[in-house]
Every structure is written in C-alpha cells, then in structure tokens.
Amino acid sequence: MLVTPTTIETPSSTRPLSLYDLGDLKAGNLEVFVASRPEEIEASQTLRYRVFVEEMGAKPTPQCAALKRDIDAYDDVCDHLLVVAHQPDGSMRVVGTYRLLRREGMKKIGHFYSESEFNITPILRLPGQILEVGRSCVDPEYRNRAVMQLLWRGIGAYVTCFEIALMFGCASFHGTDPQQHATALSYLYHYHLAPESLRSEALPERYIEMNRMPKEEVNVKEAFNSLPALIKGYLRLSGYIGKGAVVDAEYNTLDVGIIVKTDLVTAKYAQRYSAKSGGDADPQ
C-alpha cells in the first residue's frame, strides 16, 4: 500500500524480496534491489512523474496525468532497479530508479525504446547479452553521492548477474534547443564518438547535427563540466556517444545515444565515483 507518493509499507524486519539476488547492497538506511512487487514499480513511476513532469516539464499523457505516474508499455517488460530509503516506521521510500531492458524482454514488445530515436543495428548484431538502460532519476532530496553510488553498484551487480557485455540507451540534456548545448555536443562528437562497429545513429528524419563548432574551439574542461551528471558517469566508464542527437519534445530533452562496454561497470566503480557528479535524471 502506498503511504506517500513514493513510500511503500513493509514489515520493518523484512528485507524486500527481489527478482534477482544482487547481493547485500546497502549504505546506511539506503538499499538497492530489483523491484518484484507492483507497488514498488508504481512508487518508481510516481518518482519518475515528479522528476520528469513536475520538475523537468515533460508533457504527460492523459493516463499519466490522471495517475500522477510516468507509465509506458516498456514498464511491463523491463526490470526496475530501485534505491530505497528505509524509514523509522518500517516503510520504504523510493529515492532513485533505473529501468533495465535485456534482449529477452525486448522480444516481448518487439523493439528497444532507443529504436524510436536511433538506428542501433550495430548493437543488435552483437552476440550475447546486451542491456538498454533508461528512465533514470533521483529524488531531489536525495541527489547525493550515496544514492548515485548505489545506483551504479546495482547496475554493476545486475550486469555481472546476467553477463551483460554491452549496455546502451539514450542520455538527455534538459531543453530542446541544440544551440544551447553546442559546446557540449561538439565535445562529445569530437572526443567520444563511438567506433563504427558499435555506433548508433539518429534516425534520418530526427537527426540533429552534433558537430556545431571546430574541435580546436572546444574548451575540453568547460565542456565536460557542463555535461549532465549521468553522461559524465558513462564517459568515466569509457563510454561512447552515437552520431547525431534527437529532440524529444514530449520529455523536453535533447537526446544522444550512449554505448558502454561493461568491463568497467562493476561494484568497484562506486569506490571511485566522483562526489562532484551529483544526481541527475534521464527520462529515456
């Protein structure tokens, strides 16, 4: 039963059951696990609505607006990684979330979310397990190092559990004007473009040029510092960026494709995750 928009009642002495055993991933009163109950997923959707719609200005569907939850068809085929804060009364407050979609889940719906914006054929051709990540956000009151570390530790444990070789998805800039992000987009294009064997590319009808200034005019330090925290996190994992950006008017974002080989996405990453990264949101 939901007590507040993102809080779930649970016996104080009982650890929530999870679909998969990711290990004992805790920090103080915080814990990360994969949701296994409808009320956990609903609380995650409520947090997403608060961040994406109420904070970032996304345009909700009538159903989402009525329920005050961010919902789409992918929720039924994805795993939902949650960071919860255990409350003194024994309830849990969902304070962070990531949506995870493996190839076998994708087959139930027919395509990955990213395919509505990017041609990901090189990624689909890869053998073995691949993982699409998205709909990441953190409660404004909990945008701190501990929550971000737990999200990354949870992803690292999930990647290990399913032997994921590569993860990918869309990462977002707030706002839809490419020129406002000209320096950052040019930096990503010149310094972090994925090799052709892995490169996603914005669909032709949605393609926004990322190369908006010459390489020699890009101030690398300033450009990196201007990036959203999650994009910084992917780059710290030696991640790549696809070619071309896409405007997502529904979510009030400008999206780029991200591709990350998962050999560095482990629990060890949390030990060196920069406190300067802060918290962020990625609706894709």
# chains A, B, ... in the order shown; residues from 1 in each chain; ligands from 1
$ residues_around --residues "region 171-182 of chain A" --least-positions-apart "2" --cutoff "7 Å" --atoms "only C-alpha atoms" --output "number ranges by chain"
A: 169, 184-186, 212, 228, 231, 247, 249, 252-258, 282, 284
$ write_last_selection --atoms "N, CA and C atoms" --output "compact mmCIF listing (two decimals), in the first residue's frame"
# COMPACT_ATOMS: atom_id res chain seq x y z
N GLY A 169 21.72 3.05 -24.60
CA GLY A 169 20.46 3.73 -24.38
C GLY A 169 20.54 5.16 -24.86
N ALA A 184 28.87 21.38 -25.63
CA ALA A 184 28.84 20.02 -25.10
C ALA A 184 28.66 18.99 -26.22
N LEU A 185 27.75 19.27 -27.16
CA LEU A 185 27.52 18.34 -28.26
C LEU A 185 28.77 18.21 -29.13
N SER A 186 29.42 19.33 -29.41
CA SER A 186 30.64 19.29 -30.21
C SER A 186 31.75 18.52 -29.50
N ARG A 212 28.93 21.14 -33.97
CA ARG A 212 28.45 22.50 -34.10
C ARG A 212 29.55 23.55 -33.98
N PRO A 228 25.48 16.80 -18.34
CA PRO A 228 24.65 16.21 -17.28
C PRO A 228 25.43 15.13 -16.54
N ILE A 231 25.71 11.55 -18.07
CA ILE A 231 26.60 11.44 -19.22
C ILE A 231 28.06 11.41 -18.75
N VAL A 247 15.71 15.52 -30.81
CA VAL A 247 14.83 16.30 -29.95
C VAL A 247 13.66 15.42 -29.51
N ALA A 249 10.43 16.21 -27.82
CA ALA A 249 9.56 17.29 -27.36
C ALA A 249 8.68 16.85 -26.20
N ASN A 252 10.85 17.14 -23.20
CA ASN A 252 11.58 18.41 -23.10
C ASN A 252 13.08 18.18 -22.97
N THR A 253 13.61 17.29 -23.83
CA THR A 253 15.03 16.94 -23.78
C THR A 253 15.64 16.89 -25.17
N LEU A 254 16.96 16.93 -25.19
CA LEU A 254 17.76 16.66 -26.38
C LEU A 254 18.56 15.41 -26.07
N ASP A 255 18.39 14.36 -26.87
CA ASP A 255 18.94 13.05 -26.54
C ASP A 255 20.13 12.69 -27.42
N VAL A 256 21.09 12.00 -26.80
CA VAL A 256 22.21 11.41 -27.53
C VAL A 256 22.24 9.92 -27.20
N GLY A 257 22.81 9.14 -28.11
CA GLY A 257 22.94 7.71 -27.87
C GLY A 257 24.19 7.43 -27.06
N ILE A 258 24.09 6.52 -26.11
CA ILE A 258 25.26 6.12 -25.32
C ILE A 258 25.51 4.63 -25.51
N ASP A 282 17.45 11.04 -16.33
CA ASP A 282 17.45 10.70 -17.75
C ASP A 282 16.14 10.00 -18.05
N GLN A 284 14.95 8.78 -20.74
CA GLN A 284 14.88 7.79 -21.82
C GLN A 284 15.09 6.36 -21.30
$ closest_atom_pairs --of "region 98-212 of chain A" --to "region 64-76 of chain A" --cutoff "10 Å" --atoms "only C-alpha atoms" --output "tab-separated table"
residue	atom	partner	partner_atom	distance
A:Arg99	CA	A:Asp75	CA	7.9
A:Leu100	CA	A:Asp75	CA	9.4
A:Leu101	CA	A:Tyr74	CA	8.4
A:Gly105	CA	A:Asp76	CA	9.0
A:Met106	CA	A:Tyr74	CA	8.6
A:Lys108	CA	A:Asp76	CA	9.4
A:Ile109	CA	A:Tyr74	CA	7.5
A:His111	CA	A:Tyr74	CA	9.6
A:Phe112	CA	A:Tyr74	CA	8.6
A:Tyr113	CA	A:Tyr74	CA	7.6
A:Arg135	CA	A:Asp70	CA	9.5
$ residues_around --residues "Glu196 (chain A)" --least-positions-apart "6" --cutoff "12 Å" --atoms "only C-alpha atoms" --output "list in words"
Ile120, Thr121, Pro122, Ile123, Tyr240, Ile241, Gly242, Lys243 and Ile259 of chain A
$ write_last_selection --atoms "N, CA and C atoms" --output "CSV table (one decimal), in the first residue's frame"
chain,number,residue,atom,x,y,z
A,120,ILE,N,20.1,1.4,-34.1
A,120,ILE,CA,21.0,0.7,-33.3
A,120,ILE,C,21.4,-0.7,-33.9
A,121,THR,N,21.4,-0.8,-35.2
A,121,THR,CA,21.7,-2.0,-35.9
A,121,THR,C,23.0,-2.6,-35.4
A,122,PRO,N,24.1,-1.8,-35.4
A,122,PRO,CA,25.4,-2.4,-35.0
A,122,PRO,C,25.4,-3.1,-33.6
A,123,ILE,N,24.5,-2.5,-32.7
A,123,ILE,CA,24.4,-3.1,-31.3
A,123,ILE,C,23.6,-4.4,-31.4
A,240,TYR,N,30.9,5.5,-25.0
A,240,TYR,CA,30.9,6.2,-26.3
A,240,TYR,C,29.6,6.9,-26.5
A,241,ILE,N,29.6,7.8,-27.5
A,241,ILE,CA,28.4,8.5,-27.9
A,241,ILE,C,28.1,8.2,-29.3
A,242,GLY,N,26.8,8.0,-29.7
A,242,GLY,CA,26.4,7.7,-31.0
A,242,GLY,C,26.5,9.0,-31.9
A,243,LYS,N,26.2,8.9,-33.1
A,243,LYS,CA,26.3,10.0,-34.1
A,243,LYS,C,24.9,10.7,-34.2
A,259,ILE,N,26.8,4.3,-25.5
A,259,ILE,CA,27.2,2.9,-25.7
A,259,ILE,C,28.3,2.6,-24.7
$ closest_residue --among "A:Glu104, A:Asp139, A:Asp21, A:Asp89" --to "Glu55 (chain A)" --atoms "only C-alpha atoms"
A:Asp139
$ select_by_dssp --residues "region 142-181 of chain A" --states "helix (DSSP H, G or I)" --output "list in words"
Tyr142, Arg145, Ala146, Val147, Met148, Gln149, Leu150, Leu151, Trp152, Arg153, Gly154, Ile155, Gly156, Ala157, Tyr158, Val159, Thr160, Cys161, Pro178, Gln179, Gln180 and His181 of chain A
$ write_last_selection --atoms "C-alpha atoms" --output "compact mmCIF listing (two decimals), in the first residue's frame"
# COMPACT_ATOMS: atom_id res chain seq x y z
CA TYR A 142 18.49 12.52 -2.23
CA ARG A 145 26.94 10.63 -3.70
CA ALA A 146 25.49 7.74 -1.70
CA VAL A 147 22.43 7.30 -3.91
CA MET A 148 24.42 7.61 -7.13
CA GLN A 149 26.94 5.07 -5.86
CA LEU A 150 24.19 2.60 -5.05
CA LEU A 151 22.61 3.01 -8.48
CA TRP A 152 25.95 2.25 -10.13
CA ARG A 153 26.66 -0.63 -7.75
CA GLY A 154 23.23 -2.06 -8.54
CA ILE A 155 23.86 -1.81 -12.28
CA GLY A 156 27.27 -3.40 -11.79
CA ALA A 157 25.73 -6.31 -9.89
CA TYR A 158 22.97 -6.70 -12.50
CA VAL A 159 25.49 -6.66 -15.34
CA THR A 160 27.52 -9.35 -13.57
CA CYS A 161 24.44 -11.46 -12.81
CA PRO A 178 20.59 22.24 -29.76
CA GLN A 179 22.40 25.58 -29.88
CA GLN A 180 22.16 25.92 -26.09
CA HIS A 181 24.25 22.74 -25.87
$ select_by_dssp --residues "region 1-206 of chain A" --states "strand (DSSP E or B)" --output "number ranges by chain"
A: 2, 7-8, 26-27, 30-34, 79-86, 92-102, 118-119, 129-138, 164-174, 193, 201-202
$ closest_residue --among "A:His86, A:His80, A:Arg199, A:Arg236" --to "Tyr20 (chain A)" --atoms "only C-alpha atoms"
A:His80
$ atom_distance --atom1 "CA of Phe52 (chain A)" --atom2 "CA of Ala229 (chain A)"
15.7 Å
$ atom_distance --atom1 "CA of Tyr98 (chain A)" --atom2 "CA of Gly134 (chain A)"
6.1 Å
$ closest_residue --among "A:Leu230, A:Cys137, A:Leu237, A:Met213" --to "Met56 (chain A)" --atoms "only C-alpha atoms"
A:Cys137
$ residues_around --residues "Ala281 (chain A)" --least-positions-apart "2" --cutoff "7 Å" --atoms "only C-alpha atoms" --output "list of chain:residue names"
A:Ser136, A:Cys137, A:Val138, A:Pro283
$ atom_distance --atom1 "CA of Leu227 (chain A)" --atom2 "CA of Lys26 (chain A)"
28.2 Å
$ residues_around --residues "Asn211 (chain A)" --least-positions-apart "3" --cutoff "9 Å" --atoms "only C-alpha atoms" --output "list in words"
Ala182, Thr183, Leu185, Ser186, Tyr187, Leu188, Tyr189, His190, Pro214, Lys215 and Gly244 of chain A
$ write_last_selection --atoms "N, CA and C atoms" --output "PDB file, in the first residue's frame"
ATOM      1  N   ALA A 182      25.615  23.593 -27.717  1.00  0.00           N
ATOM      2  CA  ALA A 182      26.530  23.471 -28.852  1.00  0.00           C
ATOM      3  C   ALA A 182      27.922  23.011 -28.424  1.00  0.00           C
ATOM      4  N   THR A 183      28.447  23.589 -27.349  1.00  0.00           N
ATOM      5  CA  THR A 183      29.788  23.222 -26.908  1.00  0.00           C
ATOM      6  C   THR A 183      29.836  21.777 -26.441  1.00  0.00           C
ATOM      7  N   LEU A 185      27.752  19.270 -27.156  1.00  0.00           N
ATOM      8  CA  LEU A 185      27.520  18.342 -28.258  1.00  0.00           C
ATOM      9  C   LEU A 185      28.766  18.210 -29.130  1.00  0.00           C
ATOM     10  N   SER A 186      29.424  19.328 -29.406  1.00  0.00           N
ATOM     11  CA  SER A 186      30.642  19.293 -30.213  1.00  0.00           C
ATOM     12  C   SER A 186      31.746  18.524 -29.501  1.00  0.00           C
ATOM     13  N   TYR A 187      31.853  18.718 -28.203  1.00  0.00           N
ATOM     14  CA  TYR A 187      32.839  17.982 -27.404  1.00  0.00           C
ATOM     15  C   TYR A 187      32.594  16.473 -27.504  1.00  0.00           C
ATOM     16  N   LEU A 188      31.352  16.065 -27.335  1.00  0.00           N
ATOM     17  CA  LEU A 188      31.036  14.638 -27.424  1.00  0.00           C
ATOM     18  C   LEU A 188      31.350  14.093 -28.807  1.00  0.00           C
ATOM     19  N   TYR A 189      31.037  14.866 -29.834  1.00  0.00           N
ATOM     20  CA  TYR A 189      31.292  14.432 -31.211  1.00  0.00           C
ATOM     21  C   TYR A 189      32.789  14.279 -31.478  1.00  0.00           C
ATOM     22  N   HIS A 190      33.571  15.242 -31.079  1.00  0.00           N
ATOM     23  CA  HIS A 190      35.000  15.240 -31.404  1.00  0.00           C
ATOM     24  C   HIS A 190      35.815  14.289 -30.534  1.00  0.00           C
ATOM     25  N   PRO A 214      34.261  23.812 -34.508  1.00  0.00           N
ATOM     26  CA  PRO A 214      35.502  23.085 -34.771  1.00  0.00           C
ATOM     27  C   PRO A 214      36.119  22.553 -33.475  1.00  0.00           C
ATOM     28  N   LYS A 215      36.819  21.437 -33.599  1.00  0.00           N
ATOM     29  CA  LYS A 215      37.429  20.794 -32.439  1.00  0.00           C
ATOM     30  C   LYS A 215      38.343  21.734 -31.681  1.00  0.00           C
ATOM     31  N   GLY A 244      24.832  11.971 -33.988  1.00  0.00           N
ATOM     32  CA  GLY A 244      23.584  12.702 -34.130  1.00  0.00           C
ATOM     33  C   GLY A 244      22.771  12.730 -32.852  1.00  0.00           C
TER      34      GLY A 244
END
$ closest_residue --among "A:Tyr251, A:Asn29, A:Tyr207, A:Ala43" --to "Gln87 (chain A)" --atoms "only C-alpha atoms"
A:Asn29
$ closest_residue --among "A:Glu42, A:Phe33, A:Phe118, A:Ala245" --to "Ala85 (chain A)" --atoms "only C-alpha atoms"
A:Phe33
$ closest_residue --among "A:Asn119, A:Ser114, A:Ser200, A:Asn144" --to "Cys170 (chain A)" --atoms "only C-alpha atoms"
A:Ser114
